[in-house]
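Dumped start_26.cif below, it's mmCIF, C-alpha atoms:
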data_start
#
loop_
_atom_site.label_atom_id
_atom_site.label_comp_id
_atom_site.auth_asym_id
_atom_site.auth_seq_id
_atom_site.Cartn_x
_atom_site.Cartn_y
_atom_site.Cartn_z
CA MET A 1 37.34 1.70 13.46
CA SER A 2 34.28 0.23 15.14
CA GLU A 3 33.22 -3.38 14.56
CA LEU A 4 30.18 -2.09 12.67
CA GLU A 5 32.44 -0.17 10.28
CA LEU A 6 34.62 -3.24 9.73
CA LYS A 7 31.62 -5.49 9.00
CA PRO A 8 28.88 -3.09 7.94
CA ALA A 9 26.73 -5.42 5.86
CA ALA A 10 26.88 -8.39 8.22
CA GLY A 11 26.22 -6.21 11.24
CA ARG A 12 23.25 -4.40 9.71
CA ASP A 13 21.71 -7.57 8.30
CA ARG A 14 21.89 -9.33 11.63
CA LYS A 15 20.41 -6.40 13.54
CA MET A 16 17.60 -5.95 11.02
CA THR A 17 16.76 -9.66 11.08
CA GLU A 18 16.65 -9.52 14.86
CA MET A 19 14.39 -6.47 14.74
CA ALA A 20 12.07 -8.20 12.26
CA ALA A 21 11.88 -11.20 14.56
CA ALA A 22 10.87 -8.89 17.40
CA PHE A 23 7.84 -7.97 15.29
CA GLY A 24 7.05 -11.63 14.64
CA ILE A 25 8.31 -11.59 11.05
CA SER A 26 9.99 -14.83 10.00
CA PRO A 27 13.32 -14.90 8.15
CA ALA A 28 11.56 -16.15 4.99
CA VAL A 29 9.09 -13.25 4.97
CA TRP A 30 11.81 -10.71 5.76
CA ALA A 31 13.96 -12.08 2.91
CA ILE A 32 11.06 -11.62 0.48
CA GLY A 33 10.86 -7.98 1.52
CA GLU A 34 14.57 -7.38 1.06
CA LYS A 35 14.63 -8.94 -2.40
CA THR A 36 11.54 -7.00 -3.46
CA GLU A 37 12.98 -3.69 -2.28
CA GLN A 38 16.16 -4.29 -4.25
CA ARG A 39 14.16 -4.93 -7.43
CA LEU A 40 12.29 -1.65 -6.98
CA LYS A 41 15.23 0.73 -6.65
CA ASP A 42 14.75 2.33 -10.08
CA ARG A 43 11.02 2.85 -9.57
CA PHE A 44 11.58 4.31 -6.13
CA ALA A 45 14.06 6.78 -7.66
CA LYS A 46 11.38 8.02 -10.08
CA ILE A 47 8.95 8.49 -7.21
CA GLN A 48 11.56 10.64 -5.48
CA GLU A 49 11.87 12.81 -8.60
CA THR A 50 8.13 13.48 -8.53
CA ALA A 51 8.27 14.21 -4.82
CA GLU A 52 11.10 16.68 -5.32
CA TYR A 53 9.21 18.58 -8.01
CA ASN A 54 6.03 18.72 -5.95
CA GLN A 55 7.98 19.73 -2.86
CA TYR A 56 9.35 22.75 -4.69
CA LYS A 57 5.89 23.54 -6.07
CA VAL A 58 4.48 23.64 -2.54
CA LEU A 59 7.43 25.61 -1.19
CA ARG A 60 7.16 28.17 -3.98
CA ALA A 61 3.44 28.63 -3.29
CA MET A 62 4.12 29.24 0.39
CA GLN A 63 6.80 31.79 -0.41
CA GLU A 64 4.69 33.62 -2.99
CA CYS A 65 1.79 33.82 -0.54
CA ARG A 66 4.13 35.22 2.13
CA VAL A 67 3.41 32.64 4.83
CA SER A 68 4.56 34.06 8.16
CA ALA A 69 4.54 33.13 11.85
CA GLU A 70 1.39 35.23 12.17
CA CYS A 71 -0.40 32.66 10.03
CA PHE A 72 -0.12 30.09 12.82
CA SER A 73 -2.27 32.09 15.23
CA SER A 74 -5.70 30.77 16.18
CA GLY A 75 -8.99 32.27 15.10
CA THR A 76 -12.05 31.90 17.33
CA GLY A 77 -15.73 32.76 17.31
CA TYR A 78 -16.90 33.94 13.91
CA GLY A 79 -13.40 33.72 12.51
CA TYR A 80 -13.45 37.11 10.81
CA ASN A 81 -10.13 38.31 9.38
CA ASP A 82 -8.18 35.13 10.08
CA PRO A 83 -4.87 35.75 8.26
CA GLY A 84 -3.70 32.16 8.59
CA ARG A 85 -6.88 30.66 7.17
CA ASP A 86 -7.00 33.13 4.29
CA THR A 87 -3.30 32.69 3.45
CA LEU A 88 -3.64 28.89 3.57
CA GLU A 89 -6.42 29.08 0.99
CA GLU A 90 -4.22 31.25 -1.20
CA VAL A 91 -1.49 28.62 -0.91
CA TYR A 92 -3.86 25.86 -2.04
CA ALA A 93 -5.05 27.98 -4.96
CA HIS A 94 -1.41 28.50 -6.01
CA ILE A 95 -0.57 24.80 -5.71
CA PHE A 96 -3.59 23.70 -7.73
CA HIS A 97 -3.42 26.67 -10.12
CA THR A 98 -7.00 27.70 -9.45
CA GLU A 99 -8.67 31.06 -8.85
CA ALA A 100 -9.65 30.25 -5.28
CA ALA A 101 -9.81 27.54 -2.64
CA LEU A 102 -11.78 26.62 0.46
CA VAL A 103 -9.65 24.82 3.09
CA ARG A 104 -11.48 24.41 6.36
CA ALA A 105 -11.47 22.42 9.58
CA GLN A 106 -15.27 22.60 9.40
CA ILE A 107 -15.15 20.17 6.44
CA THR A 108 -15.33 16.89 8.31
CA CYS A 109 -14.13 14.45 5.61
CA GLY A 110 -13.71 13.93 1.88
CA THR A 111 -17.36 12.95 1.42
CA HIS A 112 -18.40 16.15 3.18
CA ALA A 113 -16.13 18.21 0.91
CA LEU A 114 -17.73 16.60 -2.13
CA ALA A 115 -21.22 17.19 -0.74
CA VAL A 116 -20.43 20.87 -0.11
CA ALA A 117 -19.17 21.29 -3.67
CA LEU A 118 -22.15 19.43 -5.16
CA PHE A 119 -24.89 21.12 -3.13
CA GLY A 120 -23.22 24.49 -3.57
CA ASN A 121 -23.15 24.32 -7.35
CA LEU A 122 -26.24 22.29 -8.28
CA ARG A 123 -29.83 23.53 -8.22
CA PRO A 124 -33.25 21.82 -8.48
CA GLY A 125 -33.75 20.63 -12.04
CA ASP A 126 -30.02 20.23 -12.71
CA GLU A 127 -28.47 16.90 -13.59
CA LEU A 128 -25.25 15.41 -12.26
CA LEU A 129 -23.51 13.05 -14.68
CA SER A 130 -20.75 10.72 -13.49
CA ILE A 131 -18.54 9.63 -16.39
CA SER A 132 -16.31 7.31 -14.35
CA GLY A 133 -18.99 4.86 -13.34
CA LYS A 134 -20.38 4.30 -9.86
CA PRO A 135 -18.96 6.74 -7.33
CA TYR A 136 -17.47 5.86 -3.96
CA ASP A 137 -19.92 4.13 -1.63
CA THR A 138 -20.40 7.02 0.81
CA LEU A 139 -21.32 9.36 -2.05
CA GLU A 140 -24.28 7.19 -3.05
CA GLU A 141 -26.42 8.56 -0.23
CA VAL A 142 -25.30 12.13 -0.92
CA ILE A 143 -26.51 11.77 -4.49
CA GLY A 144 -29.56 9.66 -3.65
CA ILE A 145 -28.55 6.50 -5.52
CA ARG A 146 -29.37 4.89 -2.20
CA PRO A 147 -32.28 6.80 -0.66
CA SER A 148 -31.15 8.99 2.19
CA ARG A 149 -32.46 11.94 4.14
CA GLY A 150 -31.36 15.24 2.58
CA SER A 151 -29.86 13.81 -0.61
CA LEU A 152 -29.50 15.70 -3.89
CA ALA A 153 -32.39 13.62 -5.23
CA GLU A 154 -34.66 15.02 -2.52
CA TYR A 155 -33.78 18.51 -3.74
CA GLY A 156 -34.70 17.68 -7.33
CA VAL A 157 -31.19 17.09 -8.69
CA SER A 158 -31.19 14.09 -11.02
CA TYR A 159 -28.30 11.70 -11.55
CA ARG A 160 -27.03 9.47 -14.33
CA GLN A 161 -23.75 7.71 -14.97
CA VAL A 162 -21.64 6.40 -17.82
CA ASP A 163 -19.51 3.42 -16.94
CA LEU A 164 -15.90 3.17 -17.95
CA LEU A 165 -14.96 0.78 -20.73
CA GLU A 166 -13.55 -2.63 -19.83
CA ASP A 167 -9.99 -1.34 -20.14
CA GLY A 168 -10.72 1.46 -17.66
CA SER A 169 -10.86 4.28 -20.23
CA PHE A 170 -13.68 6.76 -20.76
CA ASP A 171 -16.55 5.81 -23.06
CA PHE A 172 -16.63 9.03 -25.08
CA GLU A 173 -19.39 7.89 -27.40
CA LYS A 174 -21.77 7.24 -24.50
CA ILE A 175 -20.69 10.41 -22.73
CA ARG A 176 -21.68 12.48 -25.76
CA SER A 177 -25.10 10.85 -25.97
CA ALA A 178 -25.63 11.14 -22.19
CA VAL A 179 -25.17 14.91 -22.04
CA THR A 180 -28.48 16.77 -22.19
CA ALA A 181 -29.66 20.32 -21.69
CA LYS A 182 -30.16 19.50 -18.00
CA THR A 183 -26.56 18.38 -17.47
CA LYS A 184 -25.05 20.98 -15.16
CA MET A 185 -22.07 19.07 -13.80
CA VAL A 186 -19.88 16.14 -14.80
CA GLU A 187 -18.19 14.25 -11.99
CA ILE A 188 -14.96 12.24 -12.36
CA GLN A 189 -13.60 10.06 -9.58
CA ARG A 190 -9.85 9.78 -9.93
CA SER A 191 -9.35 6.88 -7.53
CA LYS A 192 -10.92 3.43 -7.74
CA GLY A 193 -12.84 3.49 -4.45
CA TYR A 194 -14.10 0.03 -3.52
CA GLN A 195 -13.77 -1.17 -7.08
CA THR A 196 -11.05 -3.05 -8.89
CA ARG A 197 -10.98 -0.74 -11.89
CA PRO A 198 -7.82 1.23 -12.70
CA SER A 199 -7.41 4.64 -11.12
CA LEU A 200 -7.39 7.47 -13.64
CA SER A 201 -4.26 9.31 -14.71
CA VAL A 202 -4.18 13.09 -14.94
CA ALA A 203 -3.63 12.67 -18.71
CA LYS A 204 -6.83 10.63 -19.09
CA ILE A 205 -8.78 13.07 -16.94
CA ALA A 206 -7.43 15.97 -19.01
CA GLN A 207 -8.67 14.27 -22.17
CA ALA A 208 -12.11 13.76 -20.62
CA ILE A 209 -12.33 17.39 -19.45
CA ALA A 210 -11.47 18.65 -22.93
CA PHE A 211 -14.08 16.32 -24.45
CA VAL A 212 -16.84 17.45 -22.07
CA LYS A 213 -16.01 21.12 -22.67
CA SER A 214 -16.12 20.52 -26.44
CA ILE A 215 -19.73 19.36 -26.05
CA ARG A 216 -20.76 22.33 -23.91
CA GLU A 217 -18.34 24.83 -22.45
CA ASP A 218 -20.67 25.75 -19.57
CA ILE A 219 -20.75 22.25 -18.06
CA LEU A 220 -18.92 22.22 -14.75
CA VAL A 221 -16.35 19.45 -14.31
CA LEU A 222 -15.74 18.28 -10.75
CA VAL A 223 -12.88 15.87 -10.01
CA ASP A 224 -12.85 13.84 -6.82
CA ASN A 225 -9.10 14.10 -6.31
CA CYS A 226 -8.90 12.03 -3.12
CA TYR A 227 -5.79 9.83 -2.84
CA GLY A 228 -4.29 11.36 -5.99
CA GLU A 229 -2.69 14.62 -4.87
CA PHE A 230 1.08 14.85 -5.51
CA VAL A 231 1.25 11.38 -7.07
CA GLU A 232 1.98 12.96 -10.46
CA TRP A 233 3.66 16.19 -11.47
CA GLU A 234 0.35 17.86 -12.32
CA GLU A 235 -3.23 17.92 -11.04
CA PRO A 236 -6.59 17.81 -12.89
CA SER A 237 -7.06 21.52 -12.22
CA ASP A 238 -4.07 22.19 -14.47
CA TYR A 239 -6.24 20.94 -17.35
CA GLY A 240 -9.46 22.81 -16.85
CA ALA A 241 -11.30 21.06 -14.02
CA ASP A 242 -13.66 23.64 -12.55
CA ILE A 243 -13.51 22.03 -9.10
CA VAL A 244 -11.08 19.59 -7.46
CA VAL A 245 -11.93 18.16 -4.07
CA GLY A 246 -10.07 16.19 -1.42
CA SER A 247 -9.61 15.36 2.25
CA LEU A 248 -6.88 16.69 4.51
CA ILE A 249 -6.54 13.37 6.33
CA LYS A 250 -5.35 11.93 3.03
CA ASN A 251 -2.43 13.13 0.88
CA PRO A 252 -2.48 16.93 1.31
CA GLY A 253 -2.65 16.84 5.10
CA GLY A 254 0.75 15.14 5.28
CA GLY A 255 -0.33 13.13 8.31
CA LEU A 256 -0.45 16.29 10.47
CA ALA A 257 -3.85 17.78 9.65
CA PRO A 258 -6.23 16.56 12.39
CA VAL A 259 -9.36 17.11 10.30
CA GLY A 260 -10.53 19.05 7.26
CA GLY A 261 -10.98 19.10 3.53
CA TYR A 262 -10.29 21.31 0.55
CA ILE A 263 -12.20 22.50 -2.50
CA ALA A 264 -10.20 24.36 -5.16
CA GLY A 265 -11.51 25.80 -8.39
CA THR A 266 -13.04 28.81 -10.09
CA ARG A 267 -13.91 31.74 -7.90
CA GLU A 268 -17.63 31.36 -8.57
CA CYS A 269 -17.65 27.66 -7.74
CA ILE A 270 -15.74 28.24 -4.51
CA GLU A 271 -18.04 31.07 -3.43
CA ASN A 272 -21.04 28.82 -4.09
CA ALA A 273 -19.50 26.04 -2.04
CA ALA A 274 -18.64 28.42 0.80
CA CYS A 275 -22.24 29.58 1.01
CA ARG A 276 -23.26 25.96 1.40
CA LEU A 277 -20.60 25.21 4.02
CA THR A 278 -21.56 28.21 6.17
CA THR A 279 -24.61 30.21 5.11
CA PRO A 280 -25.71 32.53 2.28
CA GLY A 281 -24.51 36.03 2.93
CA LEU A 282 -21.56 34.94 5.05
CA GLY A 283 -19.76 32.43 2.83
CA ARG A 284 -15.98 32.36 3.23
CA GLU A 285 -15.88 35.25 5.73
CA VAL A 286 -16.69 33.04 8.72
CA GLY A 287 -15.22 29.81 10.06
CA ALA A 288 -12.71 29.98 12.90
CA SER A 289 -9.44 28.08 12.43
CA LEU A 290 -9.47 26.93 16.08
CA GLY A 291 -5.72 26.40 16.36
CA VAL A 292 -5.19 24.05 13.41
CA ASN A 293 -3.45 26.48 11.04
CA ARG A 294 0.05 25.37 11.94
CA SER A 295 -0.84 21.71 11.34
CA PHE A 296 -2.48 22.55 8.03
CA PHE A 297 0.53 24.53 6.78
CA GLN A 298 3.09 22.00 7.98
CA GLY A 299 0.99 19.15 6.62
CA ILE A 300 0.79 20.53 3.09
CA PHE A 301 4.53 21.27 3.23
CA LEU A 302 5.32 17.62 4.06
CA ALA A 303 2.63 16.17 1.80
CA PRO A 304 4.80 15.45 -1.28
CA THR A 305 7.32 13.46 0.78
CA VAL A 306 4.65 11.58 2.74
CA THR A 307 2.79 10.76 -0.48
CA ALA A 308 6.01 9.37 -1.95
CA SER A 309 6.37 7.04 1.05
CA ALA A 310 2.82 5.81 0.59
CA LEU A 311 3.43 5.23 -3.13
CA LYS A 312 6.49 3.13 -2.41
CA GLY A 313 4.45 1.04 0.00
CA ALA A 314 1.73 0.47 -2.59
CA ILE A 315 4.20 -0.66 -5.24
CA PHE A 316 5.98 -2.87 -2.71
CA ALA A 317 2.67 -4.55 -1.82
CA ALA A 318 1.74 -5.11 -5.46
CA ASN A 319 5.07 -6.75 -6.25
CA ILE A 320 4.94 -9.09 -3.27
CA TYR A 321 1.33 -10.21 -3.62
CA GLU A 322 1.36 -10.53 -7.39
CA ARG A 323 4.34 -12.90 -7.16
CA LEU A 324 2.31 -14.99 -4.72
CA GLY A 325 -0.45 -15.37 -7.31
CA PHE A 326 -2.98 -12.84 -6.03
CA SER A 327 -4.74 -10.44 -8.38
CA VAL A 328 -3.57 -6.89 -7.67
CA VAL A 329 -4.83 -3.55 -9.02
CA PRO A 330 -2.75 -1.77 -10.19
CA ASN A 331 -0.44 -4.61 -11.16
CA ALA A 332 3.20 -4.70 -10.18
CA GLN A 333 4.45 -2.86 -13.28
CA GLU A 334 1.77 -0.20 -13.87
CA GLU A 335 2.28 3.51 -13.44
CA ARG A 336 0.59 4.96 -10.36
CA HIS A 337 -2.11 7.60 -10.27
CA ASP A 338 -3.13 7.35 -6.63
CA ILE A 339 -1.80 5.76 -3.44
CA ILE A 340 -4.32 2.90 -3.23
CA GLN A 341 -3.34 -0.72 -3.80
CA ALA A 342 -6.06 -3.35 -4.14
CA VAL A 343 -5.30 -7.01 -3.45
CA GLU A 344 -8.01 -9.57 -4.20
CA PHE A 345 -8.04 -12.52 -1.79
CA GLY A 346 -11.21 -14.26 -2.97
CA THR A 347 -12.16 -15.22 0.59
CA PRO A 348 -13.19 -13.27 3.69
CA GLU A 349 -10.47 -15.07 5.65
CA GLY A 350 -7.76 -13.65 3.41
CA LEU A 351 -9.11 -10.11 3.62
CA ILE A 352 -9.42 -10.30 7.40
CA ALA A 353 -5.93 -11.78 7.86
CA PHE A 354 -4.40 -9.02 5.72
CA CYS A 355 -6.10 -6.29 7.75
CA GLU A 356 -5.08 -7.94 11.02
CA GLY A 357 -1.45 -7.83 9.89
CA ILE A 358 -1.66 -4.13 8.99
CA GLN A 359 -3.23 -3.34 12.36
CA ALA A 360 -0.51 -5.28 14.18
CA ALA A 361 2.11 -3.01 12.56
CA ALA A 362 0.47 0.21 13.78
CA PRO A 363 2.04 2.60 16.31
CA VAL A 364 -1.43 3.09 17.86
CA ASP A 365 -3.76 0.25 18.92
CA SER A 366 -1.42 -2.42 17.55
CA TYR A 367 -2.85 -4.86 20.10
CA VAL A 368 -6.40 -4.46 18.73
CA ARG A 369 -7.81 -6.99 16.28
CA PRO A 370 -10.03 -5.35 13.62
CA GLU A 371 -13.42 -6.93 13.00
CA PRO A 372 -15.98 -6.38 10.22
CA TRP A 373 -18.89 -4.12 11.14
CA ALA A 374 -21.81 -2.26 9.59
CA MET A 375 -20.03 1.04 9.02
CA PRO A 376 -22.36 4.01 8.25
CA GLY A 377 -22.55 4.87 4.55
CA TYR A 378 -21.70 1.39 3.23
CA ASP A 379 -23.97 -1.34 1.87
CA SER A 380 -22.07 -4.26 3.47
CA ASP A 381 -19.94 -4.98 6.50
CA VAL A 382 -16.50 -3.37 6.25
CA ILE A 383 -13.26 -4.26 7.98
CA MET A 384 -10.79 -1.49 8.67
CA ALA A 385 -7.24 -1.58 9.98
CA ALA A 386 -6.25 1.89 11.08
CA GLY A 387 -3.98 2.26 14.07
CA ALA A 388 -3.45 5.92 13.31
CA PHE A 389 -2.59 9.12 15.15
CA ILE A 390 -5.57 10.77 13.40
CA GLN A 391 -8.80 8.77 13.39
CA GLY A 392 -9.58 7.53 9.87
CA SER A 393 -6.43 9.05 8.38
CA SER A 394 -5.90 7.22 5.10
CA ILE A 395 -2.47 8.73 4.52
CA GLU A 396 -1.29 6.79 7.56
CA LEU A 397 -0.75 3.05 7.28
CA SER A 398 -4.21 1.58 6.81
CA ALA A 399 -6.23 -1.05 4.98
CA ASP A 400 -9.89 -1.72 4.58
CA GLY A 401 -12.38 -3.54 2.42
CA PRO A 402 -16.03 -4.61 2.19
CA LEU A 403 -16.87 -8.18 3.18
CA LYS A 404 -18.19 -9.14 -0.24
CA PRO A 405 -16.67 -10.68 -3.40
CA PRO A 406 -13.95 -10.39 -4.60
CA TYR A 407 -12.91 -9.79 -0.96
CA ALA A 408 -10.37 -7.17 -1.92
CA ALA A 409 -8.23 -5.33 0.59
CA TYR A 410 -7.54 -1.69 -0.20
CA PHE A 411 -4.17 -0.76 1.24
CA GLN A 412 -2.92 2.80 1.43
CA GLY A 413 -0.70 5.14 3.34
CA GLY A 414 2.46 5.09 5.36
CA LEU A 415 3.88 8.33 6.73
CA THR A 416 7.30 6.80 6.17
CA TRP A 417 8.44 4.19 3.67
CA GLU A 418 9.92 2.11 6.46
CA HIS A 419 6.57 1.83 8.22
CA ALA A 420 4.75 0.98 4.99
CA LYS A 421 7.28 -1.78 4.33
CA LEU A 422 6.87 -3.28 7.79
CA GLY A 423 3.08 -3.16 7.51
CA ILE A 424 3.08 -5.16 4.28
CA LEU A 425 5.45 -7.74 5.72
CA LYS A 426 3.24 -8.07 8.80
CA SER A 427 0.22 -8.60 6.55
CA LEU A 428 2.06 -11.34 4.70
CA GLN A 429 3.15 -12.95 7.98
CA SER A 430 -0.48 -12.93 9.12
CA LEU A 431 -1.50 -14.86 6.01
CA VAL A 432 1.33 -17.34 6.54
CA ASP A 433 0.44 -17.83 10.20
CA LYS A 434 -3.17 -18.60 9.28
CA GLY A 435 -2.16 -21.11 6.62
CA LEU A 436 -3.50 -18.98 3.77
CA VAL A 437 -0.06 -18.68 2.20
CA LYS A 438 2.32 -21.63 2.45
CA PRO A 439 5.95 -21.00 3.40
CA GLU A 440 7.17 -22.89 0.33
CA GLU A 441 5.33 -20.37 -1.86
CA LEU A 442 7.63 -17.67 -0.56
#
Translate the structure described by the file into structure tokens.
Amino acid sequence: MSELELKPAAGRDRKMTEMAAAFGISPAVWAIGEKTEQRLKDRFAKIQETAEYNQYKVLRAMQECRVSAECFSSGTGYGYNDPGRDTLEEVYAHIFHTEAALVRAQITCGTHALAVALFGNLRPGDELLSISGKPYDTLEEVIGIRPSRGSLAEYGVSYRQVDLLEDGSFDFEKIRSAVTAKTKMVEIQRSKGYQTRPSLSVAKIAQAIAFVKSIREDILVLVDNCYGEFVEWEEPSDYGADIVVGSLIKNPGGGLAPVGGYIAGTRECIENAACRLTTPGLGREVGASLGVNRSFFQGIFLAPTVTASALKGAIFAANIYERLGFSVVPNAQEERHDIIQAVEFGTPEGLIAFCEGIQAAAPVDSYVRPEPWAMPGYDSDVIMAAGAFIQGSSIELSADGPLKPPYAAYFQGGLTWEHAKLGILKSLQSLVDKGLVKPEEL
């Protein structure tokens, strides 16, 4: 027998402590991580059950759609008759149980995917009604809440919103009174965005969809599904959402998609969106895949497992920071409906230190110190930690937040659980090193 086999626990503990020290993590911080991980074993097991179910769901969709090696070939030029692109969209439609899907490299980000879906399905004189309160910051200029060139408002599409109740649930009474003859589409944002409200469960969204359809069956329901894919066993489209939208550099890209977004829904809604993405008369028929098909297929295949790693990291962060007295959303015990974890620091110094720690744990640009800047689409300076293989990939280890009260950091991602764990411990070490958390509090 080897020495490691004779003394497995002692040998592993010593080597791991030495490795942590190499990353600048003190024994006290490392011990906090080990104790927290032990406490979370049962919750992590449930996350694995969800991942297993979703993995089989994705695999079954790929088999039913007859994915083949031919699908990995590259389309160029107009992109006519691209078997890989067309099969990929069938796979997404199967996964989300919709009539059709649009999955394209030409969709530059989640905000772009939402804009394509909105502009494709709304016409001058229509009204867009958000029933989950203020949408994500970058969508404000798309809608025209903040004046912007080319917004929906400039095209005569009006906007109103109904805020969530204090407990984070839908205000059904106000929703009923807000719906008018002009209301063409209801928008629901599943994730919290830069807010500290709870993210919405699929069950709550299902209830809201049913309520809206009971008022008027012809109202389109669009769900911004970003950060929520594969977190639960089902998706909003399983409960009647006409359109679900997301980014491929978040959950469904599995960390491999280099760009892109998806829109899944009814055939009519998808055709309308396609005509907005390309041009009327061409729609879904054009749009070369440009060599990304393999990454898209492999990314969606790995997505359930990668999402599970990110979920573990979020729960790990909540448990550590809540015990240190910080306000966290969701809290340490709550069920999860997306991969985002908010931690309120109350000061810009705390937010910045957290993001510096996350950046220092990155495989790319770990030596870079993130600084707040006036990022396009936001109404305040934003700090972002994102040492990622794909620029802006939120499914990779990352954290960001606006430099304004309550100075909350929004942590998400981690292609592996081990990396997510290290990132959180580095963030905590950064706070300790700057005197924002005292060692005795650990």
Exercise. Given the choices A:Gly387, A:Gly281, A:Gly291, A:Pro372, which gets closest to Gln359 in chain A if the distance is worked out from only C-alpha atoms?
Worked result: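 Using only C-alpha atoms, the shortest distance to Gln359 in chain A belongs to A:Gly387.
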For this session: For the structure shown, which residues end up in the PyMOL selection byres ((chain A and resi 293) around 10)? Put them as a PyMOL selection string, please?
Result: chain A and resi 71-75+82-85+87-88+104-105+257+289-292+294-299
For this session: Taking the file above as input, evaluate the PyMOL selection byres ((chain A and resi 336-340) around 7) and report the hits as a VMD selection string.
Result: chain A and resid 191 199 to 201 227 to 228 231 to 232 310 to 311 314 334 to 335 341 to 342 410 to 413
For this session: Spell out the residues picked by the PyMOL selection byres ((chain A and resi 421-438) around 6) here, as a ChimeraX atom specification.
Result: /A:313,353-354,357-358,361,418-420,439-441
Exercise. Do you know which residues are at most 12 Å from Glu52 in chain A counting only C-alpha atoms, after dropping those on the same chain fewer than 2 positions away, and could you put them as a ChimeraX atom specification?
Worked result: /A:45-50,54-59,230-233,301-308
For this session: Can you pull out every residue within 10 Å of Gly283 in chain A, counting all atoms listed in the file, but drop anything in the same chain fewer than 3 positions away, and send it as a VMD selection string?
Result: chain A and resid 270 to 280 286 to 287
For this session: Rounded to one decimal place, report the CA of Leu114 in chain A-CA of Val245 in chain A distance in Å.
Result: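 Separation between CA of Leu114 in chain A and CA of Val245 in chain A: 6.3 Å.
Of the listed residues (A:Ala409, A:Leu164, A:Leu128, A:Leu152), A:Leu128 comes nearest to Ala181 in chain A; the distances count only C-alpha atoms.
Picture a line from CA of Arg123 in chain A to CA of Val157 in chain A; it runs 6.6 Å.
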For this session: May I ask which of the residues A:Ile175, A:Ala115, A:Val202, A:Ile390 is the closest one to Gly254 in chain A, counting only C-alpha atoms?
Result: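 Once distances to Gly254 in chain A are computed over only C-alpha atoms, the minimum belongs to A:Ile390.
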Seminar exercise, completed: Among A:Leu248, A:Tyr78, A:Ala93, A:Tyr321, Glu64 in chain A is approached most closely, using all atoms listed in the file, by A:Ala93
Problem set entry | Distance of CA of Cys226 in chain A from CA of Gly246 in chain A, expressed in Å to one decimal place | 4.6 Å
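Summary of the local environment: counting only C-alpha atoms, residues at most 8 Å from range 215-223 of chain A, other than itself and those fewer than 5 positions away along its chain, are Arg176, Thr183, Lys184, Met185, Val186, Glu187, Ile188, Gln189, Arg190, Ile209, Pro236, Ala241, Asp242, Ile243, Val244 and Val245 of chain A.
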Around the point (-2.1, 5.2, 12.8), in the coordinates given by the file, pick out the residues reaching within 7 Å, counting only C-alpha atoms, and return them as a short mmCIF file (atom, residue, chain, number, x, y, z; two decimals) with C-alpha atoms, in the coordinates of the input.
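Printed below is out.cif as written:
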data_model
loop_
_atom_site.label_atom_id
_atom_site.label_comp_id
_atom_site.auth_asym_id
_atom_site.auth_seq_id
_atom_site.Cartn_x
_atom_site.Cartn_y
_atom_site.Cartn_z
CA ALA A 362 0.47 0.21 13.78
CA PRO A 363 2.04 2.60 16.31
CA VAL A 364 -1.43 3.09 17.86
CA ALA A 386 -6.25 1.89 11.08
CA GLY A 387 -3.98 2.26 14.07
CA ALA A 388 -3.45 5.92 13.31
CA PHE A 389 -2.59 9.12 15.15
CA ILE A 390 -5.57 10.77 13.40
CA GLU A 396 -1.29 6.79 7.56
CA LEU A 397 -0.75 3.05 7.28
#
Exercise. Counting all atoms listed in the file, which of A:Pro252, A:Pro124, A:Pro330, A:Gly261 gets nearest to Arg197 in chain A?
Worked result: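 For Arg197 in chain A, the nearest of the candidates is A:Pro330.
All residues of protein, DNA or RNA that reach within 9 Å of Ala61 in chain A, judged by all atoms listed in the file and not counting those fewer than 5 positions away in the chain, are Tyr56, Arg66, Glu90, Val91, Tyr92, Ala93, His94 and Ile95 of chain A.
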For this session: Using only C-alpha atoms, determine which residues lie at most 10 Å from Asp379 in chain A, disregarding the query and same-chain residues fewer than 2 positions distant; provide the list as number ranges by chain.
Result: A: 137-138, 140, 146, 374-377, 381-382, 402-404
Would you list the residues near (-26.6, 7.3, -18.3) (no more than 9 Å away, in the coordinates of the file, using all atoms listed in the file) as a short mmCIF file (atom, residue, chain, number, x, y, z; two decimals) with C-alpha atoms, keeping the file's coordinate frame?
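To be explicit, this is the file written out as out_34.cif:
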data_model
loop_
_atom_site.label_atom_id
_atom_site.label_comp_id
_atom_site.auth_asym_id
_atom_site.auth_seq_id
_atom_site.Cartn_x
_atom_site.Cartn_y
_atom_site.Cartn_z
CA LEU A 129 -23.51 13.05 -14.68
CA SER A 130 -20.75 10.72 -13.49
CA ILE A 131 -18.54 9.63 -16.39
CA TYR A 159 -28.30 11.70 -11.55
CA ARG A 160 -27.03 9.47 -14.33
CA GLN A 161 -23.75 7.71 -14.97
CA VAL A 162 -21.64 6.40 -17.82
CA ASP A 163 -19.51 3.42 -16.94
CA LYS A 174 -21.77 7.24 -24.50
CA ILE A 175 -20.69 10.41 -22.73
CA SER A 177 -25.10 10.85 -25.97
CA ALA A 178 -25.63 11.14 -22.19
CA VAL A 179 -25.17 14.91 -22.04
#
